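Below: one structure, written as C-alpha cells.
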Amino acid sequence: MNCQEVLNLLYDIIDQEASEIDVKEVQEHLKNCKDCYGVYKVEGALQNFITEKIKSQNEPSPKLESLRTKIVEQLDQIDCDVNGARGSESHSDSKRPPFLGFTKILAAAAAIVIIIGAGFLISGYFHHDEFYIPLERAHWNAGKNLNPYKNVQHLYTALSHTANDMNYKINQDVNNYQLIGGQEEEIMQVSMTHFVYADKTDRTETRLVSVFVVPAEQFIIDDELENNQVKIDDIVFYDHNCRGCRLVFHRVGDLIIITATTEKSIDLLEFIPGQQAI
Amino acid sequence: MADQKSDIMQKRKAFENEALPHMNALYRTALRMVKNQSDAEDLVQEAFAKAYRFWDKFEPGSNCRAWLFKIMTNIFINDYRSKSRSPVSVNVDEIDDYYLYKQMDSLEQDGNPEQVLFSKIFDDDVKKAIEELPDDFKMVVVLSFLEGFSYQEIAEITDLQLGTVKSRLHRGRKLLQKKLYDYAIKNGYIKDKTQ
C-alpha cells in the first residue's frame with residue numbers, strides 16, 4: 001500500500017469498518033512511514049477524545065424517569081384510543097350490552113339492561129387519564145410485584161380495617177379465586193384498601209382480580225362514570241373497560257367497591273355481591 | 001372483543017420489553033440533535049408513540065434499536081431539522097484534510113502535541129462544537145460517535161447512500177477539528193506561531 005491508499009483507509013479503520021487484511025497492511029505501512037503514522041496518531045487520539053467527551057455528558061436519572069412516565073402514559077392513551085374505536089364499532093353493529101365478557105351477564109341476557117350513555121366512548125378519552133388509569137395501574141402494579149400484598153401483617157390490617165371500620169367483609173374465596181394479599185394504598189389522593197385475588201390453579205399476572213374498597217364519601221361517581229351505569233335486577237353497576245383492563249364500580253351502603261382485572265373471562269360481579277356487606 | 005384486548009396487552013408487553021429499554025439511548029441522541037431539553041423530550045415521545053402505532057411493522061428478532069432510531073431520525077428530519085437549520089458558516093471543503101495534524105507543527109508547546117492541545121479544550125467546547133455542526137453532519141456524527149452505529153446502520157437509519165454517510169462523517173470530522181482547534185486558540189492556552 002502506498003501513502004494515499006493508507007490515508008484513504010484512515011476513517012474506516014478508526015470506525016472499525018475496515019477488513020482485517022486492510023488493517024494488517026496499514027499497520028505494516030505505519031511502522032515505516034512517519035508521516036502516515038503522525039496522521040493516524042492524531043486522528044485516533046482526536047476520535048478517542050471526542051467520543052469520550054460526548055459520551056460523558058449523561059442525563060440525571062430523575063429526568064429519564066419522568067420521561068419514561070410520560071411515554072408510558074402516552075402508550076396508555078394509544079391503547080385506549082384503539083379500544084375506544086373498537087368499542088364503538090361493535091356498538092354500532094348490534095344492540096348488545098358492553099358486558100359481553102361476563103358469563104353471568106350473558107346468562108342474564110334476558111334481563112333488561114339499560115345503557116344510559118354511549119357518549120363515554122367519545123368523551124371518556126380525557127376523563128380516562130385522571131380517573132381510571134391510577135386504578136388500572138394499581139392493579140397492574142400488584143401483578144408486577146405481589147410481595148407487598150402478601151405481607152401477612154398488611155393483609156390482616158386491611159381485613160380488620162374493612163370489617164371493623166368500613167363494615168364490609170372480604171371473602172377469602174370467590175369461586176375459583178383465593179384472597180392472596182391486601183394493603184392500604186393511596187390512589188388519587190384517596191386511601192383505599194386494595195385486595196388481590198389469584199386463580200387457585202393459574203397464578204399468572206393476568207389472572208388476578210383487584211378489589212378496592214373505599215368510603216363512598218371520598219369517591220365520587222361523577223357524570224362520566226354515571227353514563228356507564230348498568231342496571232340488572234335493580235343492582236346498579238358502573239362499568240369501564242379499556243386497555244385490556246376492566247373496572248366495575250358498585251356501591252354497597254357507604255362504600256364503593258371497585259373491582260379490576262385484565263382477564264376478560266373473569267366474572268367480576270362475583271366479587272361484589274351485595275350480600276357480602278355485613 | 002376479548003381476543004382483541006389480549007392482543008393489545010401482548011403488544012404492550014412486547015413493546016415495553018423490547019422498545020422501551022432503548023429510551024435512554026434515544027434521549028441522549030435527541031439531546032444532541034435538537035437545541036433544548038424540551039424539544040428532545042418531545043422528539044423521543046413522538047418517536048415512541050409512532051413506534052408503538054407501527055409496532056406490527058417491526059420484525060421480531062431484527063435490530064429494534066436501529067428501528068427506533070430510524071423512526072426518531074425521520075421525525076427529526078421532517079419536523080425539527082427545518083426549524084433549526086442554520087447556514088453553514090464555514091465552507092467545509094476549504095478545510096484541509098487532517099487539519100489538526102497539519103496545525104501541530106505550528107503549535108508552540110512541549111510534550112505530546114495532541115494531548116497538550118486536547119487538555120486545553122473544555123468539555124463545553126466539545127459540546128458546542130457538535131451543537132454547531134450543520135444538522136446533516138450532526139446527525140451522522142452523533143449516530144456514529146455517540147451510538148456507535150456502523151456505516152451501514154446509519155445509512156438505513158437516515159435513508160442515505162452509504163457513500164453519502166461516509167462523506168458527511170468525513171466532513172463533519174473536518175468541521176469538528178477546525179472548531180476545536182479554534183476554541184483551543186481562543187481559550188488562550190496555546191499559541192499559534194503564525195499569529
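Residue numbering restarts at 1 for every chain of the C-alpha cells, chains are lettered A, B, ... in their displayed order, and ligands are numbered from 1 as they appear.
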
Item to check | Exercise: B:Met104 partners within 9 Å, only C-alpha atoms, chain neighbours under 5 positions left out, as a list of chain:residue names | outcome: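 The contact residues come out as B:Tyr99, B:Pro113, B:Glu114, B:Leu117.
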
Item to check | Within 8 Å of chain A: residues of chain B, using only C-alpha atoms, as a ChimeraX atom specification | outcome: /B:1-2,5-6,8-9,23-24,28,41,45,48-49,52-53,98,100-101,114-115,118,123,126-127,145-146,150-151,170

Store the residues picked out above in a file with C-alpha atoms, as a CSV table (one decimal), in the first residue's frame.
```
chain,number,residue,atom,x,y,z
B,1,MET,CA,-63.5,-8.3,21.5
B,2,ALA,CA,-61.9,-10.4,24.2
B,5,LYS,CA,-57.9,-7.0,24.3
B,6,SER,CA,-55.4,-9.7,25.0
B,8,ILE,CA,-53.4,-5.2,23.0
B,9,MET,CA,-51.9,-6.5,26.2
B,23,MET,CA,-35.3,5.2,25.7
B,24,ASN,CA,-32.1,6.4,27.3
B,28,ARG,CA,-29.2,11.2,24.8
B,41,GLU,CA,-38.3,15.1,25.2
B,45,GLN,CA,-42.1,10.9,23.0
B,48,PHE,CA,-42.2,6.1,20.9
B,49,ALA,CA,-45.8,6.9,20.1
B,52,TYR,CA,-46.0,1.8,19.2
B,53,ARG,CA,-48.6,2.6,16.5
B,98,TYR,CA,-6.2,16.0,8.7
B,100,LEU,CA,-5.3,19.2,13.3
B,101,TYR,CA,-2.3,17.1,12.3
B,114,GLU,CA,-2.2,16.5,20.5
B,115,GLN,CA,-2.5,15.6,24.2
B,118,PHE,CA,-6.8,18.4,24.0
B,123,ASP,CA,-16.0,19.7,27.9
B,126,VAL,CA,-16.8,19.8,22.5
B,127,LYS,CA,-20.5,20.0,23.3
B,145,PHE,CA,-19.6,8.7,17.7
B,146,LEU,CA,-22.2,8.5,20.4
B,150,SER,CA,-22.0,1.2,11.7
B,151,TYR,CA,-21.9,3.0,8.4
B,170,HIS,CA,-15.7,12.9,7.0
```

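With only C-alpha atoms as the basis for measurement, B:Ala14 is the residue among B:Ser38, B:Phe76, B:Ala14, B:His22 that approaches B:Phe58 most closely.
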
Checklist outcome for this item: Nearest to B:Asp182, restricted to only C-alpha atoms and choosing among B:Ile75, B:Ile121, B:Asn63, B:Asp96, comes out as B:Ile121

Item to check | Counting only C-alpha atoms, the residue of B:Asp124, B:Glu59, B:Asp136, B:Asp97 that sits nearest B:Tyr80 | outcome: B:Asp136
